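*Asks:* Just input03.txt, nothing more (compact mmCIF, C-alpha atoms):
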# COMPACT_ATOMS: atom_id res chain seq x y z
CA MET A 5 53.59 118.28 32.68
CA VAL A 6 54.65 121.25 34.72
CA GLN A 7 53.05 124.26 33.12
CA TYR A 8 53.26 127.62 34.71
CA THR A 9 54.03 130.96 33.26
CA TRP A 10 56.35 133.14 35.16
CA THR A 11 57.22 136.72 34.36
CA GLY A 12 60.90 135.95 35.04
CA PHE A 13 61.00 133.69 32.00
CA ASP A 14 60.15 136.62 29.74
CA ALA A 15 63.06 138.58 31.18
CA SER A 16 65.31 135.54 30.69
CA PHE A 17 64.34 135.06 27.07
CA ALA A 18 64.75 138.76 26.33
CA ALA A 19 68.19 138.64 27.93
CA LEU A 20 69.16 135.62 25.84
CA SER A 21 68.00 137.15 22.55
CA ASP A 22 71.31 139.02 22.18
CA ALA A 23 74.44 137.30 20.82
CA THR A 24 76.86 139.30 23.01
CA ARG A 25 74.90 138.44 26.13
CA ARG A 26 74.86 134.76 25.20
CA GLY A 27 78.62 135.00 24.70
CA VAL A 28 79.01 136.63 28.11
CA LEU A 29 77.03 133.82 29.74
CA GLU A 30 79.17 131.24 27.99
CA GLN A 31 82.28 133.04 29.20
CA LEU A 32 80.98 133.28 32.77
CA GLY A 33 80.08 129.60 32.64
CA ARG A 34 83.80 128.93 32.40
CA ALA A 35 85.01 131.45 34.97
CA ASP A 36 83.94 134.53 36.90
CA ALA A 37 85.11 137.78 35.33
CA SER A 38 85.12 141.49 35.99
CA ILE A 39 83.17 143.90 33.78
CA THR A 40 86.50 145.30 32.58
CA ASP A 41 87.69 141.79 31.54
CA LEU A 42 84.45 141.16 29.69
CA ALA A 43 84.50 144.54 27.94
CA GLY A 44 88.04 143.71 26.73
CA LYS A 45 87.13 140.20 25.56
CA PHE A 46 84.11 141.41 23.62
CA HIS A 47 85.80 144.56 22.30
CA MET A 48 83.26 146.84 23.89
CA THR A 49 83.24 149.99 25.97
CA LEU A 50 82.85 149.59 29.71
CA THR A 51 79.49 151.38 29.52
CA GLY A 52 78.23 149.02 26.81
CA MET A 53 79.23 145.94 28.81
CA LYS A 54 77.66 147.39 31.97
CA LYS A 55 74.36 147.66 30.10
CA HIS A 56 74.50 144.03 28.96
CA ILE A 57 75.38 142.85 32.46
CA GLY A 58 72.49 144.94 33.80
CA VAL A 59 70.03 143.11 31.52
CA LEU A 60 71.45 139.69 32.50
CA GLU A 61 71.33 140.65 36.17
CA GLN A 62 67.70 141.77 35.91
CA ALA A 63 66.82 138.39 34.41
CA GLY A 64 68.56 136.61 37.30
CA LEU A 65 71.05 135.01 34.91
CA VAL A 66 74.08 136.79 36.31
CA THR A 67 74.95 138.10 39.75
CA THR A 68 77.56 140.76 40.40
CA GLU A 69 79.52 141.69 43.46
CA LYS A 70 81.68 144.73 43.95
CA VAL A 71 84.89 144.17 45.88
CA GLY A 72 86.97 147.32 46.16
CA ARG A 73 86.84 148.92 42.74
CA VAL A 74 86.27 145.73 40.79
CA ARG A 75 82.80 144.42 39.98
CA THR A 76 82.94 140.65 39.52
CA CYS A 77 80.26 138.86 37.52
CA ARG A 78 79.27 135.24 37.93
CA ILE A 79 76.64 133.05 36.43
CA GLY A 80 73.32 133.30 38.30
CA LEU A 81 71.54 130.28 36.87
CA ARG A 82 71.39 128.60 40.23
CA ARG A 83 69.15 131.33 41.55
CA LEU A 84 66.86 130.87 38.60
CA GLU A 85 66.65 127.14 39.23
CA GLU A 86 65.99 127.70 42.91
CA GLU A 87 63.11 130.04 42.14
CA VAL A 88 61.58 127.61 39.66
CA ALA A 89 62.04 124.82 42.20
CA TRP A 90 60.23 126.62 45.00
CA ILE A 91 57.37 127.63 42.76
CA GLU A 92 57.02 123.99 41.72
CA ARG A 93 57.06 122.85 45.35
CA TYR A 94 54.43 125.44 46.17
CA ARG A 95 52.36 124.17 43.24
CA GLN A 96 52.69 120.60 44.49
CA LEU A 97 51.44 121.63 47.92
CA TRP A 98 48.33 123.31 46.48
CA ASP A 99 47.81 120.47 44.02
CA ALA A 100 47.76 118.01 46.94
CA ARG A 101 45.33 120.24 48.84
CA PHE A 102 43.05 120.60 45.84
CA ASP A 103 42.99 116.83 45.23
CA GLU A 104 41.57 116.49 48.74
CA LEU A 105 39.19 119.39 48.08
CA ASP A 106 37.92 117.54 44.97
CA LYS A 107 36.81 114.71 47.28
CA VAL A 108 34.96 117.15 49.56
CA VAL A 109 33.25 118.76 46.53
CA GLU A 110 32.19 115.36 45.16
CA GLU A 111 30.76 114.38 48.51
CA LEU A 112 28.81 117.63 48.87
CA LYS A 113 27.46 117.25 45.34
CA ARG A 114 26.22 113.74 46.11
CA LYS A 115 24.64 114.96 49.31
CA GLU A 116 22.90 117.82 47.50
CA LYS A 117 21.47 115.38 44.97
CA VAL A 118 20.08 113.15 47.70
CA ASP A 119 18.69 116.13 49.64
CA GLY A 120 17.19 117.54 46.44
CA ARG A 121 15.37 114.28 45.80
CA LYS A 122 14.03 114.25 49.33
CA ASN A 123 12.79 117.84 49.06
CA ARG A 124 10.92 117.17 45.86
CA LYS A 125 8.87 114.39 47.46
CA MET B 18 16.99 119.51 37.55
CA ASP B 19 19.68 117.20 36.28
CA ALA B 20 18.22 114.32 34.29
CA ARG B 21 21.50 112.45 33.98
CA THR B 22 21.98 109.33 36.00
CA GLY B 23 25.00 108.53 38.09
CA SER B 24 26.70 106.75 35.20
CA GLU B 25 28.87 109.57 33.80
CA PRO B 26 32.57 108.72 33.71
CA ALA B 27 34.88 110.09 36.39
CA PRO B 28 36.12 113.51 35.22
CA ALA B 29 39.83 113.98 34.51
CA LYS B 30 41.94 115.63 37.18
CA ASN B 31 42.13 119.40 36.80
CA ARG B 32 45.47 121.13 36.70
CA THR B 33 46.80 123.46 39.38
CA THR B 34 48.87 126.36 38.04
CA VAL B 35 51.08 128.77 39.95
CA GLU B 36 52.23 132.02 38.45
CA ARG B 37 54.45 134.67 39.94
CA LYS B 38 52.51 137.58 38.48
CA SER B 39 54.89 140.27 39.67
CA GLU B 40 57.58 140.78 42.28
CA ARG B 41 54.90 140.93 44.99
CA GLU B 42 52.14 138.65 43.67
CA LEU B 43 51.58 134.94 43.46
CA VAL B 44 48.52 133.47 41.71
CA VAL B 45 47.24 129.89 42.03
CA THR B 46 44.40 128.67 39.78
CA ARG B 47 42.39 125.45 39.68
CA THR B 48 39.00 124.37 38.31
CA PHE B 49 36.64 122.23 40.39
CA ASN B 50 33.88 120.01 39.03
CA GLY B 51 31.13 121.54 41.11
CA PRO B 52 29.12 124.73 41.55
CA ALA B 53 30.65 127.77 43.27
CA ARG B 54 28.35 127.50 46.31
CA ILE B 55 29.80 124.08 47.09
CA VAL B 56 33.44 125.07 46.60
CA PHE B 57 32.85 128.23 48.65
CA GLU B 58 31.31 126.13 51.41
CA ALA B 59 34.42 123.93 51.51
CA TRP B 60 36.53 127.07 52.08
CA THR B 61 34.34 128.57 54.77
CA ARG B 62 33.03 125.73 56.92
CA PRO B 63 35.77 124.67 59.34
CA GLU B 64 34.72 121.00 59.46
CA LEU B 65 35.07 120.84 55.64
CA PHE B 66 38.16 123.08 55.38
CA LYS B 67 39.98 120.84 57.87
CA ARG B 68 39.53 117.86 55.61
CA TRP B 69 41.47 119.21 52.64
CA TRP B 70 43.77 122.05 53.69
CA VAL B 71 46.38 119.80 55.27
CA PRO B 72 46.96 117.02 52.74
CA LYS B 73 47.86 113.66 54.21
CA SER B 74 51.26 113.76 52.51
CA LEU B 75 52.28 116.64 54.81
CA GLY B 76 52.44 114.31 57.79
CA MET B 77 50.64 116.89 59.93
CA SER B 78 47.08 117.57 60.84
CA LEU B 79 45.04 120.45 62.19
CA ARG B 80 44.48 120.32 65.90
CA SER B 81 41.97 123.12 65.68
CA CYS B 82 40.38 125.25 63.01
CA GLU B 83 38.31 128.26 63.99
CA MET B 84 36.78 130.47 61.32
CA ASP B 85 34.48 133.41 61.93
CA VAL B 86 33.70 134.03 58.28
CA ARG B 87 32.40 137.60 58.15
CA VAL B 88 34.04 140.97 57.52
CA GLY B 89 36.30 141.67 60.50
CA GLY B 90 35.97 138.08 61.76
CA ARG B 91 39.12 136.14 62.73
CA TYR B 92 40.42 132.70 61.80
CA ARG B 93 43.00 130.54 63.51
CA LEU B 94 44.48 127.22 62.40
CA GLU B 95 46.63 125.20 64.79
CA PHE B 96 48.72 122.24 63.75
CA GLU B 97 49.88 119.11 65.42
CA PRO B 98 52.31 117.58 66.25
CA ASP B 99 54.09 120.96 66.37
CA ALA B 100 52.29 124.01 67.72
CA MET B 101 52.52 126.12 64.55
CA ALA B 102 49.55 128.41 63.98
CA PHE B 103 48.17 130.47 61.08
CA PHE B 104 45.84 133.34 61.87
CA GLY B 105 44.37 136.51 60.43
CA THR B 106 41.24 138.55 59.70
CA TYR B 107 38.62 138.37 56.96
CA LEU B 108 38.51 141.66 55.04
CA GLU B 109 35.83 140.75 52.50
CA VAL B 110 33.23 138.00 52.45
CA THR B 111 30.93 137.76 49.42
CA PRO B 112 29.05 134.44 49.53
CA HIS B 113 29.91 132.03 46.72
CA SER B 114 32.19 134.47 44.89
CA ARG B 115 34.91 136.20 46.90
CA LEU B 116 36.97 135.96 50.09
CA VAL B 117 39.77 138.25 51.23
CA TRP B 118 41.82 137.74 54.38
CA THR B 119 45.07 138.79 56.02
CA ASN B 120 47.85 136.41 57.08
CA GLU B 121 49.22 137.74 60.34
CA GLU B 122 51.37 134.91 61.72
CA GLY B 123 54.45 136.31 59.98
CA GLY B 124 54.02 139.82 61.35
CA GLU B 125 54.14 142.74 58.92
CA GLY B 126 55.50 140.65 56.04
CA GLY B 127 52.34 138.57 55.64
CA PRO B 128 50.39 138.67 52.38
CA VAL B 129 46.75 139.53 51.77
CA THR B 130 44.97 136.56 50.18
CA THR B 131 42.07 136.99 47.76
CA VAL B 132 40.15 133.95 46.57
CA THR B 133 37.54 134.26 43.83
CA PHE B 134 35.06 131.57 42.76
CA GLU B 135 33.74 131.86 39.22
CA GLU B 136 31.06 129.41 38.13
CA LYS B 137 30.70 128.37 34.50
CA GLY B 138 28.57 125.49 33.29
CA GLY B 139 28.41 123.85 36.70
CA ARG B 140 32.20 124.03 37.21
CA THR B 141 34.09 126.57 39.29
CA LEU B 142 37.30 128.37 38.42
CA LEU B 143 39.12 129.20 41.61
CA VAL B 144 41.77 131.93 41.59
CA MET B 145 43.86 132.50 44.71
CA HIS B 146 45.87 135.69 44.65
CA GLU B 147 48.47 136.52 47.29
CA LEU B 148 49.77 140.07 47.47
CA TYR B 149 52.90 140.56 49.58
CA PRO B 150 53.92 143.93 51.02
CA SER B 151 57.31 143.73 49.26
CA LYS B 152 59.42 141.59 46.94
CA ALA B 153 61.62 140.65 49.89
CA ALA B 154 58.58 139.35 51.80
CA LEU B 155 57.54 137.11 48.89
CA ASP B 156 61.10 135.85 48.39
CA ALA B 157 61.35 135.10 52.10
CA ALA B 158 58.01 133.27 52.04
CA GLY B 159 59.25 131.25 49.08
CA THR B 160 62.41 130.26 50.86
CA GLY B 161 60.46 129.43 54.01
CA ALA B 162 57.87 127.40 52.12
CA ALA B 163 60.57 125.62 50.16
CA ASP B 164 62.46 124.79 53.35
CA ALA B 165 59.27 123.58 55.00
CA MET B 166 58.48 121.36 52.04
CA VAL B 167 62.00 119.94 51.92
CA GLU B 168 61.63 119.11 55.59
CA THR B 169 58.23 117.57 55.00
CA PHE B 170 59.43 115.47 52.09
CA ALA B 171 62.39 114.39 54.19
CA GLN B 172 59.97 113.25 56.90
CA LEU B 173 57.92 111.43 54.30
CA ASP B 174 61.03 109.75 52.90
CA GLN B 175 61.90 108.65 56.40
CA LEU B 176 58.43 107.24 56.91
CA LEU B 177 58.58 105.36 53.61
CA VAL B 178 61.95 103.90 54.53
CA THR B 179 60.55 102.76 57.87
CA LEU B 180 57.46 101.28 56.25
CA GLY B 181 59.53 99.62 53.54
CA ALA B 182 61.80 98.08 56.14
CA SER B 183 58.95 96.72 58.22
CA MET B 184 57.22 95.29 55.16
CA GLY B 185 60.43 93.66 54.00
CA ARG B 186 60.68 91.91 57.32
CA SER B 187 57.20 90.41 57.31
Represent the structure from my file as structure tokens, please.

*Replies:*
Amino acid sequence: MVQYTWTGFDASFAALSDATRRGVLEQLGRADASITDLAGKFHMTLTGMKKHIGVLEQAGLVTTEKVGRVRTCRIGLRRLEEEVAWIERYRQLWDARFDELDKVVEELKRKEKVDGRKNRK
Amino acid sequence: MDARTGSEPAPAKNRTTVERKSERELVVTRTFNGPARIVFEAWTRPELFKRWWVPKSLGMSLRSCEMDVRVGGRYRLEFEPDAMAFFGTYLEVTPHSRLVWTNEEGGEGGPVTTVTFEEKGGRTLLVMHELYPSKAALDAAGTGAADAMVETFAQLDQLLVTLGASMGRS
């Protein structure tokens, strides 16, 4: 029953709408790879692959790290899950607070009714 | 005013939603089955605020709760058993419809919180908006809050284990 919208999801879905990018994710799910490796595997220019990786990175699906002259890409799903998890924990905290607040509101409403009756007399 | 008797069924629980609106904004919404003046009162009278803001499941309570609810007025919440405190300043106070305050315990990285109360047909839609000074500040708050909750749940688990053990023995 968890229902929240989150702008990050839009970015994720946009990132996943492309077949090459889905292929890249599948590939990175098996092993980390450099942009050069990926460009070779998908028969693309380095620039083209950089663009795809950029989109995936923006969506939090992939993280990259440059060591020397090589940029290594790895799957970033964990980060996505972590973010969803903390938003859900935050929601649970406020949900618990608001359940208590419901009780306060109900009590004040009852009190108002009683006071209202008294005032009318 | 209201001709109904006290026999109406208990209303269903309203849903709390959380949305990360942008890199710097978090929005929490919830509807309450009561007029805005009542919900507003529960947010601005310390003796009422104290009763709901620290849910029992947190395993903590407020030692003190001071709220000077007027523009420029300060608030300060202190917890027990640990001495953690939340404090800040009210920037806007519009009775029954809008509250804005700063959160200063975290230094410069603290968000500005805006709460609006919108009444419709005797119910109140509450929207709490938190604007952080930067994406990094919101991410840090998330990590902090998540850590705090993990810790809290761990404490709760511990308590349940203890209770379970003592019940098993009796």

*Asks:* In terms of the shortest atom-to-atom distance over only C-alpha atoms, which of B:Val44, B:Ile55, B:Ala153, B:Met145 is closest to chain A?

*Replies:*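 Between B:Val44, B:Ile55, B:Ala153, B:Met145, the residue approaching chain A most closely is B:Ile55.
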
*Asks:* Quick one: residues within 12 Å of range 108-113 of chain A, only C-alpha atoms, excluding same-chain residues fewer than 3 positions away - as number ranges by chain?

*Replies:* A: 101-105, 116-120; B: 19, 23, 27-28, 48-60, 62, 64-70, 139-141

*Asks:* Mind pulling up the distance from CA of Leu29 in chain A to CA of Asp41 in chain A?

*Replies:*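 For CA of Asp41 in chain A relative to CA of Leu29 in chain A, the distance reads 13.4 Å.
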
*Asks:* Taking 4 positions as the minimum chain separation for residues in the same chain, which residues sit within 10 Å of range 154-156 of chain B when counting all atoms listed in the file? Answer as JSON, numbers by chain.

*Replies:* {"A": [87, 90], "B": [37, 40, 41, 42, 43, 123, 125, 126, 127, 128, 147, 148, 149, 150, 160, 161, 162]}

*Asks:* At what distance in Å, to one decimal, does CA of Gly124 in chain B lie from CA of Val88 in chain B?

*Replies:* 20.4 Å

*Asks:* For a test of reading the model, state the distance in Å between CA of Lys70 in chain A and CA of Gly33 in chain A, rounded to one decimal.

*Replies:*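 Answer for the CA of Lys70 in chain A to CA of Gly33 in chain A separation: 19.0 Å.
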
*Asks:* Pick from A:Ala37, A:Ser16, A:Arg25, A:Thr76: nearest to Ala63 in chain A, with all atoms listed in the file counted?

*Replies:*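 Of A:Ala37, A:Ser16, A:Arg25, A:Thr76, the one nearest Ala63 in chain A, counting all atoms listed in the file, is A:Ser16.
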
*Asks:* Need to verify the contact set: Glu30 in chain A, 12 Å, all atoms listed in the file, exclusion of same-chain residues closer than 3 positions in sequence. Can you return it as a PyMOL selection string?

*Replies:* chain A and resi 20+23-27+33-37+42+65-66+78-79+81

*Asks:* Produce the centre coordinates and the three edge lengths, each in Å to one decimal, of the box along x, y and z that contains all listed atoms of range 113-117 of chain B with 5 Å added on each side, as JSON.

*Replies:*
{"center_x": 34.8, "center_y": 135.1, "center_z": 48.1, "size_x": 19.9, "size_y": 16.2, "size_z": 16.3}

*Asks:* Pick from B:Leu143, B:Cys82, B:Met101, B:Trp118: nearest to Trp98 in chain A, with only C-alpha atoms counted?

*Replies:*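 Among B:Leu143, B:Cys82, B:Met101, B:Trp118, it is B:Leu143 that comes nearest to Trp98 in chain A.
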
*Asks:* Pick from A:Lys54, A:Arg95, A:Arg121, A:Lys45: nearest to chain B, with all atoms listed in the file counted?

*Replies:*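 Counting all atoms listed in the file, the residue closest to chain B is A:Arg95.
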
*Asks:* Can you pull out the residues contacting Val74 in chain A? Cut-off 9 Å, using all atoms listed in the file, and skip same-chain residues under 4 positions away; I want them as JSON, numbers by chain.

*Replies:* {"A": [38, 39, 40, 69, 70]}

*Asks:* For Thr131 in chain B, please output as a list in words all residues within 6 Å (counting only C-alpha atoms; exclusion window: fewer than 3 positions along the same chain).

*Replies:*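 Near neighbours after the sequence-gap exclusion: Leu116, Val117, Met145 and His146 of chain B.
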